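First comes the structure, then the notes that go with it.
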Amino acid sequence: MSGQLTVDQLTDKARHLRADILAMLEKAGSGHPGGSLSSTDILTVLYNNIMKHDPSNPGWEGRDRFVLSKGHVCPALYAVLADCGYFKRSELATLRMYGSSLQGHPYMRKTPGLDISSGSLGQGLSVSVGMALAAKADGKDIRVYCLMGDGEQQEGQIWEAAMAAGHYKLNNLCGIVDYNGLQIDGRVTEVMDIAPLAEKWAAFKWNVIEIDGHDVAAIENAFAVAKACPDKPSVIIAATIKGKGVSFMEDNASWHGVSPNEEQLAAALEELDQVGVQLC
């Protein structure tokens with residue numbers, strides 16, 4: 001963990017990271033801006049003020065584990081990992097290029113700081129349950145965090161994993177749902193409604209915490225509440241906005257998997273007060 005940051009510092013850092021996300025996507029010419037931007041605040045708080053981790057020793061056994069179940073939003077994770085010092089920020093400019101360590105979905109054999117390769121929606125929570133069970137069996141004082149999408153809640157495997165975690169009382173496991181209300185085909189409510197989501201998780205014996213996913217103080221407090229829960233896994237249902245921070249991307253499903261062009265990037269950077277940002 002790089003040290004405790006204030007609310008203002010976290011907010012400012014998230015703004016800078018959003019600029020890096022958009023710049024790398026424009027450079028790559030493909031990728032997923034909407035969900036990357038909606039999850040930026042969560043990842044910023046998690047990696048700066050919550051998780052135990054060491055960029056100088058990515059394989060440290062005492063580290064907390066993170067699983068990006070919604071692997072397509074890896075630009076947000078890559079931006080955070082670079083900011084923490086796992087690799088040079090200039091590498092962000094190689095996103096999705098042949099031979100790059102930063103592929104379109106997280107690949108743990110190439111990218112420092114990754115605990116699992118991911119991207120097949122629905123699988124991340126199962127992996128996280130396995131990690132949490134192993135930590136319990138080995139007597140390790142570590143926590144496992146798993147970031148999921150809201151459309152991903154339509155996957156049956158999520159609920160099999162949720163049932164197992166509740167049964168085994170995995171209080172060292174914390175799930176986060178990036179609840180931005182949109183998926184690739186449109187509104188979650190129209191594709192396959194997942195409501196009432198909080199009640200479903202509670203029925204599977206989870207400690208449910210509902211927050212504004214862009215309020216960094218609320219995010220930090222939610223992680224503290226989850227850690228203090230003595231006998232249940234916790235899930236943070238974070239209400240977010242797809243494309244957060246860029247007006248023409250916000251709450252717009254068409255930005256799920258389309259990168260900005262040069263003109264759109266310039267407009268977005270102006271809104272973020274990051275005009276002229278360069279990755280290398």
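Chain labels A, B, ... are given in the sequence in which chains occur in the structure tokens; within each chain residues are numbered consecutively from 1, and ligands are likewise numbered from 1 in the order shown.
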Looking only at alpha helix (DSSP H) from DSSP on the backbone, list the matching residues of range 16-176 of chain A as a VMD selection string. chain A and resid 16 to 28 33 to 38 40 to 45 74 to 84 124 to 138 156 to 167
Can you pull out the residues contacting Ala253 in chain A? Cut-off 10 Å, using only C-alpha atoms, and skip same-chain residues under 6 positions away; I want them as a PyMOL selection string. chain A and resi 34-35+181-187+242-243
Would you mind exporting C-alpha atoms of the selected residues as a PDB file, in the first residue's frame?
```
ATOM      1  CA  GLY A  34     -17.375   3.142 -19.969  1.00  0.00           C
ATOM      2  CA  GLY A  35     -16.794   0.566 -17.261  1.00  0.00           C
ATOM      3  CA  GLY A 181     -26.827   0.110 -14.863  1.00  0.00           C
ATOM      4  CA  LEU A 182     -25.530  -0.535 -18.396  1.00  0.00           C
ATOM      5  CA  GLN A 183     -24.003  -3.443 -20.246  1.00  0.00           C
ATOM      6  CA  ILE A 184     -22.956  -3.972 -23.853  1.00  0.00           C
ATOM      7  CA  ASP A 185     -26.535  -4.520 -25.086  1.00  0.00           C
ATOM      8  CA  GLY A 186     -28.128  -1.656 -23.165  1.00  0.00           C
ATOM      9  CA  ARG A 187     -29.777  -1.165 -19.784  1.00  0.00           C
ATOM     10  CA  LYS A 242     -20.781   4.442 -16.801  1.00  0.00           C
ATOM     11  CA  GLY A 243     -18.269   6.793 -18.413  1.00  0.00           C
TER      12      GLY A 243
END
```
Residue nearest Asp251 in chain A - candidates A:Phe204, A:Tyr179, A:Phe223, A:Phe66, atoms counted: only C-alpha atoms: A:Tyr179
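For Ser56 in chain A, the residues within 10 Å (counting only C-alpha atoms, excluding itself and residues fewer than 4 positions away along the chain) are Trp60, Cys84, Gly85, Tyr86, Phe87, Pro112 and Gly113 of chain A.
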Atoms kept (N, CA and C atoms) for selection, written as a PDB file, in the first residue's frame:
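The file below, part.pdb, is the result:
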```pdb
ATOM      1  N   TRP A  60       4.838 -10.914  -3.112  1.00  0.00           N
ATOM      2  CA  TRP A  60       4.885 -10.975  -1.645  1.00  0.00           C
ATOM      3  C   TRP A  60       3.723 -11.824  -1.108  1.00  0.00           C
ATOM      4  N   CYS A  84       0.942   3.128  -9.070  1.00  0.00           N
ATOM      5  CA  CYS A  84       1.520   2.576  -7.832  1.00  0.00           C
ATOM      6  C   CYS A  84       2.996   2.202  -7.995  1.00  0.00           C
ATOM      7  N   GLY A  85       3.441   2.023  -9.240  1.00  0.00           N
ATOM      8  CA  GLY A  85       4.843   1.708  -9.482  1.00  0.00           C
ATOM      9  C   GLY A  85       5.138   0.275  -9.878  1.00  0.00           C
ATOM     10  N   TYR A  86       4.127  -0.489 -10.283  1.00  0.00           N
ATOM     11  CA  TYR A  86       4.370  -1.862 -10.726  1.00  0.00           C
ATOM     12  C   TYR A  86       5.101  -1.913 -12.058  1.00  0.00           C
ATOM     13  N   PHE A  87       4.912  -0.906 -12.878  1.00  0.00           N
ATOM     14  CA  PHE A  87       5.636  -0.779 -14.139  1.00  0.00           C
ATOM     15  C   PHE A  87       5.608   0.692 -14.538  1.00  0.00           C
ATOM     16  N   PRO A 112       2.972  -7.414 -14.197  1.00  0.00           N
ATOM     17  CA  PRO A 112       3.267  -7.386 -12.767  1.00  0.00           C
ATOM     18  C   PRO A 112       2.075  -6.856 -11.970  1.00  0.00           C
ATOM     19  N   GLY A 113       1.799  -7.471 -10.837  1.00  0.00           N
ATOM     20  CA  GLY A 113       0.733  -6.991  -9.969  1.00  0.00           C
ATOM     21  C   GLY A 113      -0.587  -7.695 -10.146  1.00  0.00           C
TER      22      GLY A 113
END
```
Minimum-distance residue to Glu210 in chain A, chosen among A:Ile237, A:Val225, A:Val191, A:Ile21 (using only C-alpha atoms):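 Distance minimum relative to Glu210 in chain A lands on A:Ile237.
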Polymer residues at most 10 Å from Met131 in chain A, only C-alpha atoms, same-chain spacing of 6 or more positions, as a PyMOL selection string: chain A and resi 65-67+115+125+137+142-145+172-173
Generate the output file for the selected residues, N, CA and C atoms, as a compact mmCIF listing (two decimals), in the first residue's frame.
```
# COMPACT_ATOMS: atom_id res chain seq x y z
N ARG A 65 -5.16 -10.00 -2.03
CA ARG A 65 -5.35 -10.41 -3.42
C ARG A 65 -6.49 -9.62 -4.07
N PHE A 66 -6.32 -9.32 -5.36
CA PHE A 66 -7.36 -8.63 -6.10
C PHE A 66 -7.68 -9.38 -7.37
N VAL A 67 -8.97 -9.56 -7.64
CA VAL A 67 -9.43 -10.22 -8.85
C VAL A 67 -10.34 -9.28 -9.61
N ASP A 115 -3.00 -11.02 -9.90
CA ASP A 115 -3.11 -12.27 -9.18
C ASP A 115 -3.81 -13.35 -9.99
N LEU A 125 -15.46 -14.40 -9.23
CA LEU A 125 -15.84 -14.63 -7.84
C LEU A 125 -15.50 -16.05 -7.40
N ALA A 137 -7.31 -21.80 5.15
CA ALA A 137 -6.69 -23.10 5.42
C ALA A 137 -5.22 -22.95 5.81
N ILE A 142 -4.76 -12.46 5.19
CA ILE A 142 -4.90 -11.66 3.98
C ILE A 142 -6.37 -11.56 3.61
N ARG A 143 -6.68 -10.54 2.82
CA ARG A 143 -8.04 -10.35 2.34
C ARG A 143 -8.06 -10.48 0.82
N VAL A 144 -9.20 -10.89 0.31
CA VAL A 144 -9.38 -11.05 -1.13
C VAL A 144 -10.49 -10.11 -1.58
N TYR A 145 -10.21 -9.34 -2.63
CA TYR A 145 -11.17 -8.38 -3.17
C TYR A 145 -11.49 -8.76 -4.61
N ASN A 172 -12.99 -13.01 5.08
CA ASN A 172 -11.80 -12.41 4.45
C ASN A 172 -12.02 -12.12 2.97
N LEU A 173 -13.26 -12.24 2.53
CA LEU A 173 -13.61 -11.99 1.12
C LEU A 173 -14.54 -10.78 1.01
```
Taking 2 positions as the minimum chain separation for residues in the same chain, which residues sit within 12 Å of Ala202 in chain A when counting only C-alpha atoms? Answer as a VMD selection string. chain A and resid 159 162 to 163 165 to 166 196 to 200 204 to 210 232 to 237
Just C-alpha atoms for this one: save the residues we selected as a PDB file, in the first residue's frame.
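For reference, out_21.pdb as written:
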```pdb
ATOM      1  CA  TRP A 159     -24.437 -17.252  -7.394  1.00  0.00           C
ATOM      2  CA  ALA A 162     -21.806 -16.594  -3.525  1.00  0.00           C
ATOM      3  CA  MET A 163     -23.511 -19.614  -1.977  1.00  0.00           C
ATOM      4  CA  ALA A 165     -18.719 -18.068   0.337  1.00  0.00           C
ATOM      5  CA  GLY A 166     -21.744 -17.594   2.567  1.00  0.00           C
ATOM      6  CA  PRO A 196     -33.458  -6.582  -6.039  1.00  0.00           C
ATOM      7  CA  LEU A 197     -29.688  -7.068  -5.888  1.00  0.00           C
ATOM      8  CA  ALA A 198     -29.022  -6.275  -2.222  1.00  0.00           C
ATOM      9  CA  GLU A 199     -31.713  -8.682  -1.087  1.00  0.00           C
ATOM     10  CA  LYS A 200     -30.285 -11.446  -3.264  1.00  0.00           C
ATOM     11  CA  PHE A 204     -26.851 -15.874   0.212  1.00  0.00           C
ATOM     12  CA  LYS A 205     -25.580 -14.930   3.707  1.00  0.00           C
ATOM     13  CA  TRP A 206     -23.458 -11.946   2.721  1.00  0.00           C
ATOM     14  CA  ASN A 207     -22.982  -8.672   4.576  1.00  0.00           C
ATOM     15  CA  VAL A 208     -24.370  -6.105   2.117  1.00  0.00           C
ATOM     16  CA  ILE A 209     -23.116  -2.515   1.958  1.00  0.00           C
ATOM     17  CA  GLU A 210     -24.681  -0.039  -0.474  1.00  0.00           C
ATOM     18  CA  LYS A 232     -19.701 -13.228   6.728  1.00  0.00           C
ATOM     19  CA  PRO A 233     -18.258 -12.304   3.361  1.00  0.00           C
ATOM     20  CA  SER A 234     -19.131  -8.747   2.397  1.00  0.00           C
ATOM     21  CA  VAL A 235     -20.320  -7.247  -0.855  1.00  0.00           C
ATOM     22  CA  ILE A 236     -20.198  -3.539  -1.626  1.00  0.00           C
ATOM     23  CA  ILE A 237     -22.883  -2.561  -4.124  1.00  0.00           C
TER      24      ILE A 237
END
```
DSSP on the backbone: what in range 162-258 of chain A comes out strand (DSSP E or B), as a list of chain:residue names? A:Leu173, A:Cys174, A:Gly175, A:Ile176, A:Val177, A:Asp178, A:Tyr179, A:Leu182, A:Gln183, A:Gly186, A:Arg187, A:Asn207, A:Val208, A:Ile209, A:Glu210, A:Ile211, A:Asp212, A:Ser234, A:Val235, A:Ile236, A:Ile237, A:Ala238, A:Ala239
Just write the chosen residues, N, CA and C atoms, as a PDB file, in the first residue's frame.
```
ATOM      1  N   LEU A 173     -13.260 -12.237   2.526  1.00  0.00           N
ATOM      2  CA  LEU A 173     -13.614 -11.985   1.122  1.00  0.00           C
ATOM      3  C   LEU A 173     -14.539 -10.776   1.006  1.00  0.00           C
ATOM      4  N   CYS A 174     -14.201  -9.882   0.080  1.00  0.00           N
ATOM      5  CA  CYS A 174     -15.028  -8.706  -0.177  1.00  0.00           C
ATOM      6  C   CYS A 174     -15.284  -8.582  -1.670  1.00  0.00           C
ATOM      7  N   GLY A 175     -16.543  -8.688  -2.063  1.00  0.00           N
ATOM      8  CA  GLY A 175     -16.919  -8.455  -3.441  1.00  0.00           C
ATOM      9  C   GLY A 175     -17.356  -7.014  -3.631  1.00  0.00           C
ATOM     10  N   ILE A 176     -17.156  -6.498  -4.818  1.00  0.00           N
ATOM     11  CA  ILE A 176     -17.618  -5.146  -5.155  1.00  0.00           C
ATOM     12  C   ILE A 176     -18.374  -5.238  -6.476  1.00  0.00           C
ATOM     13  N   VAL A 177     -19.569  -4.706  -6.516  1.00  0.00           N
ATOM     14  CA  VAL A 177     -20.345  -4.663  -7.758  1.00  0.00           C
ATOM     15  C   VAL A 177     -20.353  -3.235  -8.285  1.00  0.00           C
ATOM     16  N   ASP A 178     -19.783  -3.059  -9.470  1.00  0.00           N
ATOM     17  CA  ASP A 178     -19.795  -1.761 -10.147  1.00  0.00           C
ATOM     18  C   ASP A 178     -21.164  -1.634 -10.820  1.00  0.00           C
ATOM     19  N   TYR A 179     -22.101  -1.026 -10.110  1.00  0.00           N
ATOM     20  CA  TYR A 179     -23.514  -1.010 -10.520  1.00  0.00           C
ATOM     21  C   TYR A 179     -23.804   0.262 -11.317  1.00  0.00           C
ATOM     22  N   LEU A 182     -25.623  -0.303 -16.946  1.00  0.00           N
ATOM     23  CA  LEU A 182     -25.530  -0.535 -18.396  1.00  0.00           C
ATOM     24  C   LEU A 182     -24.593  -1.690 -18.692  1.00  0.00           C
ATOM     25  N   GLN A 183     -24.903  -2.424 -19.742  1.00  0.00           N
ATOM     26  CA  GLN A 183     -24.003  -3.443 -20.246  1.00  0.00           C
ATOM     27  C   GLN A 183     -23.941  -3.305 -21.760  1.00  0.00           C
ATOM     28  N   GLY A 186     -27.204  -2.695 -23.627  1.00  0.00           N
ATOM     29  CA  GLY A 186     -28.128  -1.656 -23.165  1.00  0.00           C
ATOM     30  C   GLY A 186     -28.309  -1.667 -21.663  1.00  0.00           C
ATOM     31  N   ARG A 187     -29.484  -1.246 -21.213  1.00  0.00           N
ATOM     32  CA  ARG A 187     -29.777  -1.165 -19.784  1.00  0.00           C
ATOM     33  C   ARG A 187     -29.912  -2.557 -19.177  1.00  0.00           C
ATOM     34  N   ASN A 207     -22.822  -9.995   3.983  1.00  0.00           N
ATOM     35  CA  ASN A 207     -22.982  -8.672   4.576  1.00  0.00           C
ATOM     36  C   ASN A 207     -23.037  -7.665   3.434  1.00  0.00           C
ATOM     37  N   VAL A 208     -24.155  -6.983   3.274  1.00  0.00           N
ATOM     38  CA  VAL A 208     -24.370  -6.105   2.117  1.00  0.00           C
ATOM     39  C   VAL A 208     -24.199  -4.638   2.507  1.00  0.00           C
ATOM     40  N   ILE A 209     -23.391  -3.927   1.730  1.00  0.00           N
ATOM     41  CA  ILE A 209     -23.116  -2.515   1.958  1.00  0.00           C
ATOM     42  C   ILE A 209     -23.418  -1.767   0.668  1.00  0.00           C
ATOM     43  N   GLU A 210     -24.318  -0.801   0.718  1.00  0.00           N
ATOM     44  CA  GLU A 210     -24.681  -0.039  -0.474  1.00  0.00           C
ATOM     45  C   GLU A 210     -24.140   1.386  -0.367  1.00  0.00           C
ATOM     46  N   ILE A 211     -23.474   1.850  -1.427  1.00  0.00           N
ATOM     47  CA  ILE A 211     -22.830   3.171  -1.386  1.00  0.00           C
ATOM     48  C   ILE A 211     -22.915   3.865  -2.748  1.00  0.00           C
ATOM     49  N   ASP A 212     -22.539   5.145  -2.740  1.00  0.00           N
ATOM     50  CA  ASP A 212     -22.269   5.910  -3.950  1.00  0.00           C
ATOM     51  C   ASP A 212     -20.846   5.546  -4.377  1.00  0.00           C
ATOM     52  N   SER A 234     -18.439 -10.021   2.616  1.00  0.00           N
ATOM     53  CA  SER A 234     -19.131  -8.747   2.397  1.00  0.00           C
ATOM     54  C   SER A 234     -19.170  -8.420   0.912  1.00  0.00           C
ATOM     55  N   VAL A 235     -20.240  -7.758   0.509  1.00  0.00           N
ATOM     56  CA  VAL A 235     -20.320  -7.247  -0.855  1.00  0.00           C
ATOM     57  C   VAL A 235     -20.702  -5.771  -0.802  1.00  0.00           C
ATOM     58  N   ILE A 236     -19.932  -4.969  -1.521  1.00  0.00           N
ATOM     59  CA  ILE A 236     -20.198  -3.539  -1.626  1.00  0.00           C
ATOM     60  C   ILE A 236     -20.893  -3.299  -2.968  1.00  0.00           C
ATOM     61  N   ILE A 237     -22.144  -2.884  -2.905  1.00  0.00           N
ATOM     62  CA  ILE A 237     -22.883  -2.561  -4.124  1.00  0.00           C
ATOM     63  C   ILE A 237     -22.719  -1.064  -4.359  1.00  0.00           C
ATOM     64  N   ALA A 238     -21.888  -0.733  -5.344  1.00  0.00           N
ATOM     65  CA  ALA A 238     -21.505   0.655  -5.588  1.00  0.00           C
ATOM     66  C   ALA A 238     -22.291   1.228  -6.765  1.00  0.00           C
ATOM     67  N   ALA A 239     -23.167   2.156  -6.481  1.00  0.00           N
ATOM     68  CA  ALA A 239     -23.924   2.832  -7.537  1.00  0.00           C
ATOM     69  C   ALA A 239     -22.987   3.777  -8.278  1.00  0.00           C
TER      70      ALA A 239
END
```
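Residue neighbourhood of Thr44 in chain A, excluding near-sequence residues (fewer than 5 positions): Leu10, Lys13, Ala14 and Val80 of chain A, at 8 Å, using only C-alpha atoms.
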Go ahead and write the residues just picked, C-alpha atoms, as a tab-separated table (two decimals), in the first residue's frame.
```
chain	number	residue	atom	x	y	z
A	10	LEU	CA	-7.84	10.46	-3.86
A	13	LYS	CA	-5.62	11.06	-8.38
A	14	ALA	CA	-8.75	9.47	-9.82
A	80	VAL	CA	-3.68	2.24	-11.14
```
Which residues are close to Ser39 in chain A, i.e. within 8 Å by only C-alpha atoms, leaving aside same-chain residues fewer than 5 positions away? Reply as a ChimeraX atom specification. /A:76,178,213,240
Using only C-alpha atoms, pick whichever of A:Gly276, A:Gly119, A:Gly62, A:Gly29 has the shortest atom-to-atom distance to Asp138 in chain A. A:Gly62
Which distance in Å separates CA of Leu147 in chain A and CA of Ser69 in chain A, to one decimal?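 Rounded to one decimal, the two atoms are 5.7 Å apart.
The gap separating CA of Met249 in chain A from CA of Gln264 in chain A is 10.0 Å, in Å to one decimal.
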Nearest to Val127 in chain A, chosen from A:Ala195, A:Leu272, A:Ile158, A:Ala228, with only C-alpha atoms counted in the distances: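 Using only C-alpha atoms, Val127 in chain A sits closest to A:Ile158.
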Could you tell me how far CA of Thr111 in chain A lies from CA of Ala135 in chain A, in Å and to one decimal? 22.9 Å
